[in-house]
file final33.txt (compact mmCIF, C-alpha atoms)
# COMPACT_ATOMS: atom_id res chain seq x y z
CA MET A 1 7.20 -2.04 -0.47
CA PRO A 2 3.53 -2.82 -1.18
CA GLU A 3 1.44 0.36 -1.04
CA LEU A 4 -2.20 1.07 -1.83
CA PRO A 5 -1.99 0.14 -5.56
CA ASP A 6 -0.23 -3.15 -4.83
CA VAL A 7 -2.78 -4.13 -2.19
CA GLU A 8 -5.60 -3.22 -4.56
CA GLY A 9 -3.97 -5.63 -6.99
CA PHE A 10 -3.89 -8.31 -4.28
CA ARG A 11 -7.59 -7.65 -3.63
CA ARG A 12 -8.29 -8.35 -7.29
CA THR A 13 -6.23 -11.54 -7.07
CA LEU A 14 -8.35 -12.68 -4.15
CA VAL A 15 -11.57 -11.83 -6.02
CA SER A 16 -10.58 -13.75 -9.15
CA CYS A 17 -9.05 -16.69 -7.29
CA ALA A 18 -11.06 -17.20 -4.12
CA GLN A 19 -14.28 -15.19 -3.88
CA GLY A 20 -17.16 -17.66 -3.56
CA ARG A 21 -14.77 -20.58 -3.18
CA ARG A 22 -14.62 -22.91 -0.17
CA VAL A 23 -11.41 -23.54 1.78
CA GLU A 24 -10.63 -27.26 1.64
CA ARG A 25 -7.48 -26.90 3.69
CA ALA A 26 -5.42 -24.11 5.26
CA GLU A 27 -1.67 -24.67 5.48
CA VAL A 28 0.80 -22.78 7.63
CA ALA A 29 4.45 -23.15 6.67
CA ASP A 30 5.61 -20.42 9.05
CA PRO A 31 3.48 -19.64 12.14
CA GLY A 32 5.72 -16.62 12.76
CA VAL A 33 3.54 -14.55 10.41
CA LEU A 34 0.38 -15.30 12.41
CA HIS A 35 -0.92 -12.76 14.92
CA GLY A 36 -3.43 -13.57 17.64
CA VAL A 37 -4.13 -17.05 16.28
CA THR A 38 -2.19 -20.31 16.26
CA ALA A 39 -1.54 -22.40 13.19
CA GLN A 40 -3.97 -25.04 14.42
CA GLY A 41 -6.55 -22.37 15.22
CA LEU A 42 -6.31 -20.85 11.73
CA LYS A 43 -6.67 -24.26 10.09
CA ARG A 44 -9.64 -25.18 12.26
CA GLU A 45 -11.49 -21.86 11.91
CA LEU A 46 -11.13 -21.57 8.11
CA LYS A 47 -11.58 -25.17 6.98
CA GLY A 48 -14.86 -25.40 5.07
CA ARG A 49 -15.42 -21.62 5.08
CA ARG A 50 -16.31 -19.78 1.89
CA PHE A 51 -14.60 -16.50 0.93
CA ALA A 52 -16.89 -13.50 0.46
CA ALA A 53 -16.08 -10.21 -1.33
CA PRO A 54 -12.81 -8.75 0.00
CA ARG A 55 -12.16 -5.07 0.65
CA ARG A 56 -9.10 -2.92 1.16
CA HIS A 57 -8.32 -0.05 3.51
CA GLY A 58 -5.01 1.64 2.87
CA LYS A 59 -2.36 -1.07 2.92
CA TRP A 60 -4.64 -3.63 4.64
CA LEU A 61 -6.59 -6.37 2.87
CA ILE A 62 -9.74 -7.59 4.61
CA ALA A 63 -11.07 -10.95 3.42
CA PRO A 64 -14.37 -12.00 5.07
CA THR A 65 -15.61 -15.57 4.96
CA ASP A 66 -18.97 -16.97 6.04
CA GLY A 67 -17.30 -17.28 9.43
CA PRO A 68 -14.29 -15.25 10.64
CA THR A 69 -12.48 -12.58 8.63
CA LEU A 70 -8.93 -12.93 7.39
CA VAL A 71 -6.90 -9.70 7.69
CA LEU A 72 -3.59 -9.35 5.82
CA HIS A 73 -0.80 -6.79 5.80
CA PHE A 74 2.08 -7.18 3.37
CA GLY A 75 4.86 -5.29 5.14
CA MET A 76 7.78 -4.58 2.82
CA THR A 77 7.96 -7.78 0.78
CA GLY A 78 4.60 -9.53 1.02
CA ARG A 79 2.29 -10.51 -1.83
CA LEU A 80 -0.75 -12.66 -2.58
CA VAL A 81 -0.52 -15.22 -5.37
CA CYS A 82 -2.92 -17.66 -6.99
CA GLY A 83 -2.14 -20.86 -8.84
CA ALA A 84 -3.12 -24.49 -9.24
CA ASP A 85 -2.59 -26.47 -6.05
CA SER A 86 -0.47 -28.89 -8.11
CA GLU A 87 2.10 -26.16 -8.91
CA PRO A 88 5.34 -25.88 -6.90
CA VAL A 89 5.02 -23.87 -3.70
CA GLY A 90 6.72 -20.47 -3.70
CA ARG A 91 9.98 -20.20 -1.78
CA PHE A 92 8.58 -17.61 0.62
CA GLU A 93 5.05 -18.95 0.97
CA ARG A 94 4.06 -18.65 4.64
CA VAL A 95 0.32 -19.40 4.61
CA ALA A 96 -1.85 -20.95 1.89
CA PHE A 97 -5.43 -21.96 1.27
CA ASP A 98 -6.34 -24.89 -0.96
CA LEU A 99 -9.70 -24.12 -2.55
CA ASP A 100 -12.52 -26.37 -3.74
CA ASP A 101 -11.83 -25.70 -7.44
CA GLY A 102 -8.21 -26.88 -7.33
CA HIS A 103 -6.59 -23.45 -6.89
CA ARG A 104 -4.27 -22.39 -4.13
CA LEU A 105 -4.19 -18.89 -2.64
CA GLY A 106 -0.80 -18.17 -1.10
CA TYR A 107 0.50 -15.42 1.18
CA GLU A 108 4.21 -14.98 0.46
CA ASP A 109 6.60 -12.73 2.35
CA GLN A 110 10.38 -12.83 2.44
CA ARG A 111 11.00 -10.48 5.39
CA LYS A 112 7.93 -11.30 7.50
CA LEU A 113 7.47 -7.79 8.93
CA GLN A 114 3.68 -8.02 9.12
CA GLY A 115 1.48 -11.03 8.43
CA VAL A 116 -1.96 -12.56 8.89
CA TRP A 117 -4.65 -11.98 11.51
CA LEU A 118 -8.01 -13.69 12.08
CA ALA A 119 -10.89 -11.46 13.21
CA ALA A 120 -14.14 -12.63 14.75
CA GLY A 121 -16.13 -9.68 13.34
CA ASP A 122 -16.06 -6.03 12.28
CA ALA A 123 -15.15 -4.74 15.73
CA ASP A 124 -12.20 -7.10 15.81
CA VAL A 125 -11.14 -5.94 12.32
CA ASP A 126 -11.19 -2.32 13.53
CA ARG A 127 -9.05 -3.28 16.53
CA ILE A 128 -6.48 -5.00 14.29
CA LEU A 129 -6.27 -2.09 11.84
CA GLY A 130 -5.81 0.39 14.68
CA ASP A 131 -5.67 4.13 14.14
CA GLN A 132 -6.08 4.49 10.38
CA GLY A 133 -6.96 7.64 8.48
CA PRO A 134 -9.35 7.60 5.53
CA ASP A 135 -8.29 5.60 2.49
CA ALA A 136 -6.26 7.81 0.14
CA LEU A 137 -8.24 6.71 -2.91
CA SER A 138 -11.47 8.00 -1.37
CA LEU A 139 -10.26 11.50 -0.48
CA SER A 140 -12.05 14.50 -1.95
CA ARG A 141 -10.39 17.91 -2.11
CA ALA A 142 -12.52 19.04 0.85
CA GLY A 143 -11.59 15.89 2.75
CA LEU A 144 -7.89 16.52 2.15
CA ASP A 145 -8.28 20.10 3.37
CA ARG A 146 -9.93 18.88 6.58
CA LEU A 147 -7.13 16.37 7.21
CA LEU A 148 -4.38 18.96 6.72
CA ALA A 149 -6.06 21.77 8.67
CA GLY A 150 -4.16 22.70 11.81
CA ARG A 151 -1.16 20.47 11.09
CA HIS A 152 2.38 21.83 11.23
CA GLY A 153 4.53 18.85 10.25
CA ARG A 154 6.38 18.40 6.98
CA VAL A 155 4.17 17.46 4.09
CA LYS A 156 6.02 14.23 3.20
CA ALA A 157 5.76 12.93 6.76
CA THR A 158 2.10 13.92 6.94
CA LEU A 159 1.11 12.23 3.68
CA THR A 160 2.78 8.95 4.65
CA ASP A 161 1.40 8.89 8.21
CA GLN A 162 -1.19 6.09 8.11
CA ALA A 163 -3.11 7.70 10.95
CA VAL A 164 -3.65 10.75 8.72
CA ILE A 165 -4.12 9.13 5.28
CA ALA A 166 -4.15 5.36 4.82
CA GLY A 167 -2.32 3.80 1.90
CA LEU A 168 0.46 6.19 0.91
CA GLY A 169 4.02 4.95 1.33
CA ASN A 170 7.42 6.24 0.35
CA LEU A 171 7.10 5.81 -3.42
CA LEU A 172 3.65 7.35 -3.61
CA GLY A 173 4.57 10.20 -1.28
CA ASP A 174 7.57 11.21 -3.39
CA GLU A 175 5.74 10.78 -6.68
CA ILE A 176 2.71 12.83 -5.61
CA LEU A 177 4.85 15.67 -4.28
CA TRP A 178 7.02 15.72 -7.41
CA GLN A 179 3.99 15.83 -9.68
CA ALA A 180 2.47 18.57 -7.48
CA ARG A 181 5.79 20.52 -7.48
CA ILE A 182 5.85 20.69 -3.67
CA HIS A 183 9.05 20.26 -1.64
CA PRO A 184 8.81 17.28 0.76
CA ARG A 185 10.10 19.39 3.68
CA ARG A 186 7.42 22.07 3.33
CA PRO A 187 5.42 22.52 6.55
CA VAL A 188 1.79 21.64 5.87
CA ASN A 189 0.52 24.89 7.32
CA THR A 190 2.49 26.92 4.72
CA LEU A 191 0.77 25.34 1.70
CA THR A 192 -1.36 27.75 -0.29
CA ASP A 193 -4.86 27.04 -1.56
CA GLU A 194 -3.43 26.60 -5.06
CA GLU A 195 -0.90 24.08 -3.71
CA HIS A 196 -3.73 22.18 -2.03
CA ASP A 197 -5.35 21.97 -5.47
CA ARG A 198 -2.15 20.65 -7.04
CA LEU A 199 -1.61 18.18 -4.22
CA HIS A 200 -5.10 16.71 -4.47
CA THR A 201 -4.97 16.55 -8.27
CA ALA A 202 -1.58 14.80 -8.20
CA MET A 203 -2.76 12.35 -5.53
CA ARG A 204 -5.86 11.43 -7.52
CA GLU A 205 -4.00 11.04 -10.82
CA VAL A 206 -1.03 9.11 -9.37
CA LEU A 207 -3.32 6.73 -7.49
CA ARG A 208 -5.61 6.10 -10.45
CA ALA A 209 -2.70 5.39 -12.79
CA SER A 210 -1.03 3.16 -10.20
CA VAL A 211 -4.16 1.19 -9.34
CA ARG A 212 -4.66 0.38 -13.02
CA VAL A 213 -1.36 -1.52 -13.11
CA GLY A 214 -1.30 -2.72 -9.49
CA ARG A 215 1.86 -0.82 -8.49
CA VAL A 216 3.53 2.58 -8.70
CA PRO A 217 4.67 2.63 -12.35
CA ASP A 218 8.41 2.88 -13.03
CA ASP A 219 7.66 5.00 -16.08
CA PRO A 220 10.72 7.04 -17.16
CA ASP A 221 8.46 10.11 -17.22
CA TRP A 222 7.70 9.59 -13.51
CA LEU A 223 10.03 10.28 -10.61
CA THR A 224 9.65 6.62 -9.61
CA GLY A 225 11.26 5.61 -12.90
CA ARG A 226 14.46 7.43 -11.93
CA ARG A 227 14.81 6.29 -8.30
CA ASP A 228 17.29 3.53 -8.97
CA ASP A 229 19.49 5.46 -11.40
CA PRO A 230 23.06 5.87 -10.09
CA ASP A 231 22.92 9.56 -11.02
CA PRO A 232 19.20 10.40 -11.18
CA HIS A 233 17.97 13.43 -13.09
CA CYS A 234 14.54 15.01 -13.10
CA PRO A 235 12.24 13.66 -15.85
CA ARG A 236 10.70 17.12 -16.16
CA CYS A 237 13.59 19.61 -16.17
CA GLY A 238 16.63 17.34 -16.57
CA ARG A 239 18.44 18.72 -13.52
CA PRO A 240 20.02 16.44 -10.87
CA LEU A 241 17.67 15.02 -8.27
CA HIS A 242 18.46 15.21 -4.56
CA ARG A 243 18.20 12.33 -2.14
CA ALA A 244 18.05 12.59 1.65
CA ARG A 245 16.31 11.08 4.66
CA ILE A 246 13.10 12.89 5.59
CA ALA A 247 10.87 11.56 8.36
CA GLY A 248 13.17 8.54 8.56
CA ARG A 249 12.71 7.60 4.89
CA THR A 250 14.90 7.95 1.83
CA THR A 251 13.29 10.78 -0.11
CA LEU A 252 13.88 11.86 -3.71
CA TRP A 253 12.97 15.28 -5.11
CA CYS A 254 13.94 17.89 -7.67
CA PRO A 255 15.26 21.08 -6.01
CA HIS A 256 14.42 23.06 -9.15
CA CYS A 257 10.84 21.85 -9.67
CA GLN A 258 10.09 21.50 -5.96
CA GLN A 259 11.52 24.61 -4.41
CA ASP A 260 11.27 25.06 -0.65
CA ASP A 261 9.54 28.43 -0.42
CA ALA A 262 8.66 28.22 3.26
call {"tool": "encode", "arguments": {"input": "final33.txt", "output": "structure tokens"}}
result
Amino acid sequence: MPELPDVEGFRRTLVSCAQGRRVERAEVADPGVLHGVTAQGLKRELKGRRFAAPRRHGKWLIAPTDGPTLVLHFGMTGRLVCGADSEPVGRFERVAFDLDDGHRLGYEDQRKLQGVWLAAGDADVDRILGDQGPDALSLSRAGLDRLLAGRHGRVKATLTDQAVIAGLGNLLGDEILWQARIHPRRPVNTLTDEEHDRLHTAMREVLRASVRVGRVPDDPDWLTGRRDDPDPHCPRCGRPLHRARIAGRTTLWCPHCQQDDA
């Protein structure tokens, strides 16, 4: 599932492929991914428009033009790709933009759980994004403390709640908690000051490393690198990892390194 690092990678794709370029033609292969705009409306509104500098908030990519703003969410299987407009179209391409330099920017998504919006301005962008917390990459230690203050839910559920912190999904939540040595079921209000330090440090380091490669690395020294093992063991202590559903999501942790002390 695309999380903050993946979407940051898609932002870079848009910068390198489309920033400053004019849309010669918008194509819609599947109008089912469009929200609040028809296929004809999207084509009409974006034809001749020039892409400006894109930005990201959490898992959302915001792509202004010199007219309306394109807003994209990648759901579980979405991605943004760039290639020559003469190249074969991707199997799951849903929307594409042919640019004035001969490149094609394509939004691909197999499962179509989210999609593409068109916003008239900043207020409309805010409405589309809805109730989003601050972007995880921007959080200071003090900012994290303010977000967690007064909360009583489990730490895994809290970290992955987009209304609390935008951008963290299942992989990042598990990886951050494993690196911080905090059990995913721990109630937030039981975390000590020292655990807050570890949590913020792990979040910063995991995000920075992930953003560099545009995804959560499947490094064998990371928890993420062991997720798909049939019998996963902790990269740190070598003991068996546990897997269970927490907050409705499959969660992986090490019961030795991440002891539930609450």
call {"tool": "residues_around", "arguments": {"input": "final33.txt", "residues": "range 6-8 of chain A", "least_positions_apart": "5", "cutoff": "6 Å", "atoms": "only C-alpha atoms", "output": "list of chain:residue names"}}
result
A:Lys59, A:Gly214, A:Arg215
call {"tool": "closest_residue", "arguments": {"input": "final33.txt", "among": "A:His196, A:Glu175, A:His233, A:Asn170", "to": "Arg249 in chain A", "atoms": "all atoms listed in the file"}}
result
A:Asn170
call {"tool": "closest_atom_pairs", "arguments": {"input": "final33.txt", "of": "range 114-201 of chain A", "to": "range 43-51 of chain A", "cutoff": "12 Å", "atoms": "only C-alpha atoms", "output": "tab-separated table"}}
result
residue	atom	partner	partner_atom	distance
A:Leu118	CA	A:Glu45	CA	8.9
A:Ala119	CA	A:Glu45	CA	10.5
A:Ala120	CA	A:Glu45	CA	10.0
call {"tool": "residues_near_point", "arguments": {"input": "final33.txt", "point": "(-17.2, -13.1, 2.6)", "cutoff": "9 Å", "atoms": "all atoms listed in the file", "output": "compact mmCIF listing (two decimals) with C-alpha atoms, keeping the file's coordinate frame"}}
result
# COMPACT_ATOMS: atom_id res chain seq x y z
CA GLN A 19 -14.28 -15.19 -3.88
CA GLY A 20 -17.16 -17.66 -3.56
CA ARG A 50 -16.31 -19.78 1.89
CA PHE A 51 -14.60 -16.50 0.93
CA ALA A 52 -16.89 -13.50 0.46
CA ALA A 53 -16.08 -10.21 -1.33
CA PRO A 54 -12.81 -8.75 0.00
CA ALA A 63 -11.07 -10.95 3.42
CA PRO A 64 -14.37 -12.00 5.07
CA THR A 65 -15.61 -15.57 4.96
CA ASP A 66 -18.97 -16.97 6.04
CA GLY A 67 -17.30 -17.28 9.43
CA PRO A 68 -14.29 -15.25 10.64
CA THR A 69 -12.48 -12.58 8.63
call {"tool": "closest_residue", "arguments": {"input": "final33.txt", "among": "A:Leu105, A:Ser210, A:Leu252, A:Thr224", "to": "Glu87 in chain A", "atoms": "all atoms listed in the file"}}
result
A:Leu105
call {"tool": "atom_distance", "arguments": {"input": "final33.txt", "atom1": "CA of Val116 in chain A", "atom2": "CA of Leu137 in chain A"}}
result
23.5 Å
call {"tool": "atom_distance", "arguments": {"input": "final33.txt", "atom1": "CA of Val125 in chain A", "atom2": "CA of Arg11 in chain A"}}
result
16.4 Å
call {"tool": "closest_residue", "arguments": {"input": "final33.txt", "among": "A:Cys234, A:Cys257, A:Ile165, A:Phe10", "to": "Ile62 in chain A", "atoms": "all atoms listed in the file"}}
result
A:Phe10
call {"tool": "atom_distance", "arguments": {"input": "final33.txt", "atom1": "CA of Leu42 in chain A", "atom2": "CA of Asp98 in chain A"}}
result
13.3 Å
call {"tool": "residues_around", "arguments": {"input": "final33.txt", "residues": "Leu199 in chain A", "least_positions_apart": "2", "cutoff": "8 Å", "atoms": "all atoms listed in the file", "output": "PyMOL selection string"}}
result
chain A and resi 176-177+180+182+195-197+201-203
call {"tool": "write_last_selection", "arguments": {"input": "final33.txt", "atoms": "C-alpha atoms", "output": "PDB file, keeping the file's coordinate frame"}}
result
ATOM      1  CA  ILE A 176       2.710  12.830  -5.610  1.00  0.00           C
ATOM      2  CA  LEU A 177       4.850  15.670  -4.280  1.00  0.00           C
ATOM      3  CA  ALA A 180       2.470  18.570  -7.480  1.00  0.00           C
ATOM      4  CA  ILE A 182       5.850  20.690  -3.670  1.00  0.00           C
ATOM      5  CA  GLU A 195      -0.900  24.080  -3.710  1.00  0.00           C
ATOM      6  CA  HIS A 196      -3.730  22.180  -2.030  1.00  0.00           C
ATOM      7  CA  ASP A 197      -5.350  21.970  -5.470  1.00  0.00           C
ATOM      8  CA  THR A 201      -4.970  16.550  -8.270  1.00  0.00           C
ATOM      9  CA  ALA A 202      -1.580  14.800  -8.200  1.00  0.00           C
ATOM     10  CA  MET A 203      -2.760  12.350  -5.530  1.00  0.00           C
TER      11      MET A 203
END
call {"tool": "closest_residue", "arguments": {"input": "final33.txt", "among": "A:Val33, A:Leu14, A:Val211, A:Val23", "to": "Glu108 in chain A", "atoms": "all atoms listed in the file"}}
result
A:Val33
call {"tool": "closest_residue", "arguments": {"input": "final33.txt", "among": "A:Gln179, A:Ala157, A:Asp219, A:Ala84", "to": "Glu205 in chain A", "atoms": "all atoms listed in the file"}}
result
A:Gln179
call {"tool": "residues_around", "arguments": {"input": "final33.txt", "residues": "Arg151 in chain A", "least_positions_apart": "6", "cutoff": "10 Å", "atoms": "all atoms listed in the file", "output": "PyMOL selection string"}}
result
chain A and resi 158+187-190
call {"tool": "residues_around", "arguments": {"input": "final33.txt", "residues": "Gln40 in chain A", "least_positions_apart": "6", "cutoff": "10 Å", "atoms": "all atoms listed in the file", "output": "PDB file with C-alpha atoms, in the frame of the given file"}}
result
ATOM      1  CA  ALA A  26      -5.420 -24.110   5.260  1.00  0.00           C
ATOM      2  CA  GLU A  27      -1.670 -24.670   5.480  1.00  0.00           C
ATOM      3  CA  VAL A  28       0.800 -22.780   7.630  1.00  0.00           C
ATOM      4  CA  PRO A  31       3.480 -19.640  12.140  1.00  0.00           C
TER       5      PRO A  31
END
call {"tool": "residues_around", "arguments": {"input": "final33.txt", "residues": "Asp221 in chain A", "least_positions_apart": "5", "cutoff": "9 Å", "atoms": "all atoms listed in the file", "output": "list in words"}}
result
Arg226, Cys234, Pro235 and Arg236 of chain A
call {"tool": "closest_residue", "arguments": {"input": "final33.txt", "among": "A:Leu159, A:Leu171, A:Ile246, A:Cys17", "to": "Val216 in chain A", "atoms": "all atoms listed in the file"}}
result
A:Leu171
